[in-house]
There are 2 protein chains.
Amino acid sequence: MSADPLSRVFSALADPTRRDMVARLSVADATVNELAEPYDVTVQAVSKHLKVLEDACLVSRTREAQRRPVHLEAEVFDLMTKWIERYRRQAEERYRRLDDLLRSMPDDVGPTPPSTTGAPS
Amino acid sequence: MSADPLSRVFSALADPTRRDMVARLSVADATVNELAEPYDVTVQAVSKHLKVLEDACLVSRTREAQRRPVHLEAEVFDLMTKWIERYRRQAEERYRRLDDLLRSMPDDVGPTPPSTTGAPS
DNA sequence: CCCATCCTCAACCAAGTGGTTGACAACCGC
DNA sequence: GCGGTTGTCAACCACTTGGTTGAGGATGGG
């Protein structure tokens with residue numbers, strides 16, 4: 001419960017049922033009963049899933065008569081995409097540099113210590 | 001263990017230690033001991049974390065002498081970004097349509113008609 | 001006011017997770 | 001071949017999780 005926001009978001013989306021709820025909420029707001037209808041579990045279980053999504057700030061609920069419509073808050077997605085993009089770029093950058101390195105040494109200078117700045121010729 | 005790929009990836013990244021490992025692996029490959037060094041847990045625990053990342057196809061290990069260098073496989077990130085982008089776009093689209101709708105009805109057709117149109121003065 | 005509806009809270013249970021320790025397999029250097 | 005280094009496997013433990021059932025709070029209609 002006391003995890004960092006990013007962990008909460010990833011964790012919340014690590015469940016197929018919750019991902020499906022998010023997918024459906026991206027089309028339209030819905031009540032708990034509406035959300036629960038397609039799944040083969042009790043309403044209480046769905047309510048628990050919603051609590052997880054709410055703790056991750058992925059959805060919000062507002063009182064409206066005796067209904068509690070659930071609304072998707074898509075901004076939190078940014079948290080993930082930023083994290084993912086950051087390290088994906090870094091990994092790709094590394095690939096690029098590795099390519100350059102390999103291109104710059106046509107002979108087998110092998111993996112052993114580069115030590116001496118091996119300017120070949 | 002028998003979850004779908006997307007669940008495995010999200011679940012793998014729902015842990016701060018594992019995210020930190022991914023971050024460090026995005027800079028350079030590393031061995032298990034190197035990876036374990038900064039953390040306050042045993043090497044076995046780190047090995048378990050790596051197994052989770054490996055099951056999610058986020059890293060790969062190859063034998064190299066008695067070392068087992070761990071390598072980041074960044075392609076799986078696409079799986080996540082595709083999912084995320086899909087529903088984020090859908091949610092934004094919905095917002096846009098709602099805006100259009102609201103713009104198309106300039107008067108207060110709003111919720112819960114304020115009964116007597118309470119023009120104060 | 002009473003009731004039906006919608007939803008959440010509490011207690012419980014089986015299974016999964018993250019951590020530990022201890023044993024052991026694989027590999028190189030001497 | 002022996003010993004040191006590197007890493008995994010197995011058993012165990014505390015805690016979390018996703019599910020259940022049962023009770024109960026809030027709210028609007030008759």
# chains A, B, ... in the order shown; residues from 1 in each chain; ligands from 1

call {"tool": "interface_residues", "arguments": {"of": "chain A", "to": "chain B", "cutoff": "12 Å", "atoms": "only C-alpha atoms", "output": "PyMOL selection string"}}
result
chain A and resi 3-29+56+58-59+64-65+71-95+97-98+111

call {"tool": "residues_around", "arguments": {"residues": "stretch 9-12 of chain D", "least_positions_apart": "3", "cutoff": "12 Å", "atoms": "only C-alpha atoms (C1' of nucleotides)", "output": "mmCIF file with N, CA and C atoms (P, O5', C5', C4', C3', O3' and C1' of nucleotides), in the first residue's frame"}}
result
data_model
loop_
_atom_site.group_PDB
_atom_site.id
_atom_site.type_symbol
_atom_site.label_atom_id
_atom_site.label_comp_id
_atom_site.auth_asym_id
_atom_site.auth_seq_id
_atom_site.Cartn_x
_atom_site.Cartn_y
_atom_site.Cartn_z
ATOM 1 N N GLN B 44 21.088 -14.300 -3.917
ATOM 2 C CA GLN B 44 19.988 -15.184 -4.323
ATOM 3 C C GLN B 44 18.729 -14.387 -4.627
ATOM 4 N N SER B 47 19.083 -12.843 -7.874
ATOM 5 C CA SER B 47 18.917 -13.863 -8.903
ATOM 6 C C SER B 47 17.441 -14.126 -9.164
ATOM 7 N N LYS B 48 16.648 -14.140 -8.108
ATOM 8 C CA LYS B 48 15.198 -14.320 -8.275
ATOM 9 C C LYS B 48 14.598 -13.169 -9.072
ATOM 10 P P DG C 19 13.072 -8.451 -2.142
ATOM 11 O "O5'" DG C 19 13.746 -9.440 -1.070
ATOM 12 C "C5'" DG C 19 13.792 -9.048 0.290
ATOM 13 C "C4'" DG C 19 13.843 -10.242 1.208
ATOM 14 C "C3'" DG C 19 15.132 -11.057 1.179
ATOM 15 O "O3'" DG C 19 16.167 -10.436 1.922
ATOM 16 C "C1'" DG C 19 13.187 -12.426 1.480
ATOM 17 P P DT C 20 17.658 -11.018 1.859
ATOM 18 O "O5'" DT C 20 17.596 -12.334 2.778
ATOM 19 C "C5'" DT C 20 17.317 -12.197 4.165
ATOM 20 C "C4'" DT C 20 17.093 -13.557 4.797
ATOM 21 C "C3'" DT C 20 18.302 -14.483 4.715
ATOM 22 O "O3'" DT C 20 19.110 -14.313 5.869
ATOM 23 C "C1'" DT C 20 16.269 -15.635 4.123
ATOM 24 P P DT C 21 20.601 -14.782 5.856
ATOM 25 O "O5'" DT C 21 20.457 -16.382 5.835
ATOM 26 C "C5'" DT C 21 19.926 -17.049 6.982
ATOM 27 C "C4'" DT C 21 19.868 -18.547 6.735
ATOM 28 C "C3'" DT C 21 21.238 -19.208 6.508
ATOM 29 O "O3'" DT C 21 21.386 -20.328 7.366
ATOM 30 C "C1'" DT C 21 19.762 -19.751 4.739
ATOM 31 P P DG C 22 22.783 -21.040 7.485
ATOM 32 O "O5'" DG C 22 22.634 -22.186 6.368
ATOM 33 C "C5'" DG C 22 21.562 -23.083 6.452
ATOM 34 C "C4'" DG C 22 21.666 -24.126 5.353
ATOM 35 C "C3'" DG C 22 23.080 -24.619 5.066
ATOM 36 O "O3'" DG C 22 23.066 -26.030 4.889
ATOM 37 C "C1'" DG C 22 22.092 -23.823 3.087
ATOM 38 P P DA C 23 24.415 -26.851 4.605
ATOM 39 O "O5'" DA C 23 24.200 -27.404 3.121
ATOM 40 C "C5'" DA C 23 22.992 -28.107 2.830
ATOM 41 C "C4'" DA C 23 22.857 -28.298 1.325
ATOM 42 C "C3'" DA C 23 24.082 -28.945 0.667
ATOM 43 O "O3'" DA C 23 23.643 -29.939 -0.238
ATOM 44 C "C1'" DA C 23 23.547 -26.921 -0.411
ATOM 45 P P DC C 24 24.696 -30.977 -0.894
ATOM 46 O "O5'" DC C 24 24.842 -30.439 -2.399
ATOM 47 C "C5'" DC C 24 23.676 -30.188 -3.173
ATOM 48 C "C4'" DC C 24 24.036 -29.423 -4.435
ATOM 49 C "C3'" DC C 24 25.355 -29.904 -5.084
ATOM 50 O "O3'" DC C 24 25.186 -29.893 -6.473
ATOM 51 C "C1'" DC C 24 25.372 -27.618 -4.838
ATOM 52 P P DA C 25 25.457 -31.218 -7.383
ATOM 53 O "O5'" DA C 25 25.576 -30.657 -8.870
ATOM 54 C "C5'" DA C 25 24.453 -30.016 -9.454
ATOM 55 C "C4'" DA C 25 24.902 -28.823 -10.281
ATOM 56 C "C3'" DA C 25 26.094 -29.120 -11.204
ATOM 57 O "O3'" DA C 25 25.796 -28.622 -12.480
ATOM 58 C "C1'" DA C 25 26.521 -27.202 -9.915
#

call {"tool": "residues_around", "arguments": {"residues": "A:Asn33", "least_positions_apart": "3", "cutoff": "9 Å", "atoms": "only C-alpha atoms (C1' of nucleotides)", "output": "ChimeraX atom specification"}}
result
/A:30,36-37,43,46 /C:6-7

call {"tool": "write_last_selection", "arguments": {"atoms": "N, CA and C atoms (P, O5', C5', C4', C3', O3' and C1' of nucleotides)", "output": "mmCIF file, in the first residue's frame"}}
result
data_model
loop_
_atom_site.group_PDB
_atom_site.id
_atom_site.type_symbol
_atom_site.label_atom_id
_atom_site.label_comp_id
_atom_site.auth_asym_id
_atom_site.auth_seq_id
_atom_site.Cartn_x
_atom_site.Cartn_y
_atom_site.Cartn_z
ATOM 1 N N ALA A 30 -18.379 4.377 -16.156
ATOM 2 C CA ALA A 30 -19.281 3.271 -15.861
ATOM 3 C C ALA A 30 -19.424 3.128 -14.355
ATOM 4 N N ALA A 36 -18.760 -4.751 -13.457
ATOM 5 C CA ALA A 36 -18.675 -6.125 -12.972
ATOM 6 C C ALA A 36 -19.391 -7.100 -13.888
ATOM 7 N N GLU A 37 -20.363 -6.616 -14.626
ATOM 8 C CA GLU A 37 -21.260 -7.498 -15.372
ATOM 9 C C GLU A 37 -20.545 -8.550 -16.241
ATOM 10 N N VAL A 43 -19.353 -8.714 -7.253
ATOM 11 C CA VAL A 43 -19.200 -7.269 -7.328
ATOM 12 C C VAL A 43 -18.132 -6.791 -6.345
ATOM 13 N N VAL A 46 -14.767 -6.894 -7.866
ATOM 14 C CA VAL A 46 -14.567 -5.781 -8.791
ATOM 15 C C VAL A 46 -14.320 -4.494 -8.020
ATOM 16 P P DC C 6 -29.068 -1.210 -8.851
ATOM 17 O "O5'" DC C 6 -27.792 -0.554 -8.154
ATOM 18 C "C5'" DC C 6 -27.745 0.863 -7.983
ATOM 19 C "C4'" DC C 6 -26.596 1.214 -7.070
ATOM 20 C "C3'" DC C 6 -25.282 0.505 -7.419
ATOM 21 O "O3'" DC C 6 -24.284 1.481 -7.651
ATOM 22 C "C1'" DC C 6 -25.750 0.364 -5.099
ATOM 23 P P DC C 7 -22.877 1.013 -8.288
ATOM 24 O "O5'" DC C 7 -22.026 0.788 -6.969
ATOM 25 C "C5'" DC C 7 -21.813 1.897 -6.109
ATOM 26 C "C4'" DC C 7 -21.346 1.440 -4.750
ATOM 27 C "C3'" DC C 7 -20.042 0.654 -4.736
ATOM 28 O "O3'" DC C 7 -18.988 1.570 -4.415
ATOM 29 C "C1'" DC C 7 -21.640 -0.111 -3.114
#

call {"tool": "closest_atom_pairs", "arguments": {"of": "chain D", "to": "chain A", "cutoff": "8 Å", "atoms": "only C-alpha atoms (C1' of nucleotides)", "output": "CSV"}}
result
residue,atom,partner,partner_atom,distance
D:DG18,C1',A:Ala45,CA,7.6
D:DG19,C1',A:Ala45,CA,6.8
D:DA26,C1',A:Gln66,CA,7.2
D:DT27,C1',A:Gln66,CA,5.0
D:DG28,C1',A:Ala65,CA,7.2

call {"tool": "atom_distance", "arguments": {"atom1": "atom C1' of C:DC3", "atom2": "atom CA of A:Val70"}}
result
26.2 Å

call {"tool": "interface_residues", "arguments": {"of": "chain C", "to": "chain B", "cutoff": "8 Å", "atoms": "only C-alpha atoms (C1' of nucleotides)", "output": "tab-separated table (two decimals) with N, CA and C atoms (P, O5', C5', C4', C3', O3' and C1' of nucleotides), in the first residue's frame"}}
result
chain	number	residue	atom	x	y	z
C	18	DG	P	7.89	-10.20	-6.02
C	18	DG	O5'	8.87	-9.93	-4.80
C	18	DG	C5'	8.42	-9.12	-3.73
C	18	DG	C4'	9.29	-9.36	-2.52
C	18	DG	C3'	10.79	-9.46	-2.86
C	18	DG	O3'	11.54	-8.72	-1.91
C	18	DG	C1'	10.09	-11.41	-1.72
C	19	DG	P	13.07	-8.45	-2.14
C	19	DG	O5'	13.75	-9.44	-1.07
C	19	DG	C5'	13.79	-9.05	0.29
C	19	DG	C4'	13.84	-10.24	1.21
C	19	DG	C3'	15.13	-11.06	1.18
C	19	DG	O3'	16.17	-10.44	1.92
C	19	DG	C1'	13.19	-12.43	1.48
C	26	DA	P	26.59	-29.21	-13.76
C	26	DA	O5'	27.43	-27.95	-14.26
C	26	DA	C5'	26.75	-26.70	-14.40
C	26	DA	C4'	27.76	-25.59	-14.61
C	26	DA	C3'	28.99	-26.01	-15.43
C	26	DA	O3'	29.25	-24.99	-16.36
C	26	DA	C1'	29.66	-25.04	-13.39
C	27	DC	P	30.10	-25.29	-17.71
C	27	DC	O5'	31.42	-24.45	-17.48
C	27	DC	C5'	31.29	-23.06	-17.19
C	27	DC	C4'	32.46	-22.59	-16.37
C	27	DC	C3'	33.83	-22.96	-16.95
C	27	DC	O3'	34.35	-21.82	-17.61
C	27	DC	C1'	33.74	-23.06	-14.55
C	28	DC	P	35.60	-21.96	-18.63
C	28	DC	O5'	36.82	-21.46	-17.74
C	28	DC	C5'	36.88	-20.09	-17.40
C	28	DC	C4'	37.77	-19.88	-16.20
C	28	DC	C3'	39.25	-20.11	-16.48
C	28	DC	O3'	39.92	-18.86	-16.30
C	28	DC	C1'	38.56	-21.18	-14.46

call {"tool": "atom_distance", "arguments": {"atom1": "atom CA of A:Glu34", "atom2": "atom CA of A:Leu50"}}
result
12.5 Å

call {"tool": "select_by_dssp", "arguments": {"residues": "stretch 3-107 of chain B", "states": "alpha helix (DSSP H)", "output": "MDAnalysis selection string"}}
result
chainID B and resid 5:12 16:25 32:36 43:55 77:104

call {"tool": "select_by_dssp", "arguments": {"residues": "stretch 48-95 of chain A", "states": "strand (DSSP E or B)", "output": "PyMOL selection string"}}
result
chain A and resi 59-61+64+67+70-72

call {"tool": "atom_distance", "arguments": {"atom1": "atom C1' of C:DG16", "atom2": "atom C1' of D:DT16"}}
result
8.3 Å

call {"tool": "residues_around", "arguments": {"residues": "D:DA23", "least_positions_apart": "2", "cutoff": "10 Å", "atoms": "only C-alpha atoms (C1' of nucleotides)", "output": "PyMOL selection string"}}
result
(chain C and resi 9-10) or (chain D and resi 21)

call {"tool": "write_last_selection", "arguments": {"atoms": "C-alpha atoms (C1' of nucleotides)", "output": "PDB file, in the first residue's frame"}}
result
ATOM      1  C1'  DC C   9     -16.169  -2.949   4.815  1.00  0.00           C
ATOM      2  C1'  DA C  10     -14.639  -7.032   7.535  1.00  0.00           C
TER       3       DA C  10
ATOM      4  C1'  DT D  21     -19.437 -14.719   1.979  1.00  0.00           C
TER       5       DT D  21
END
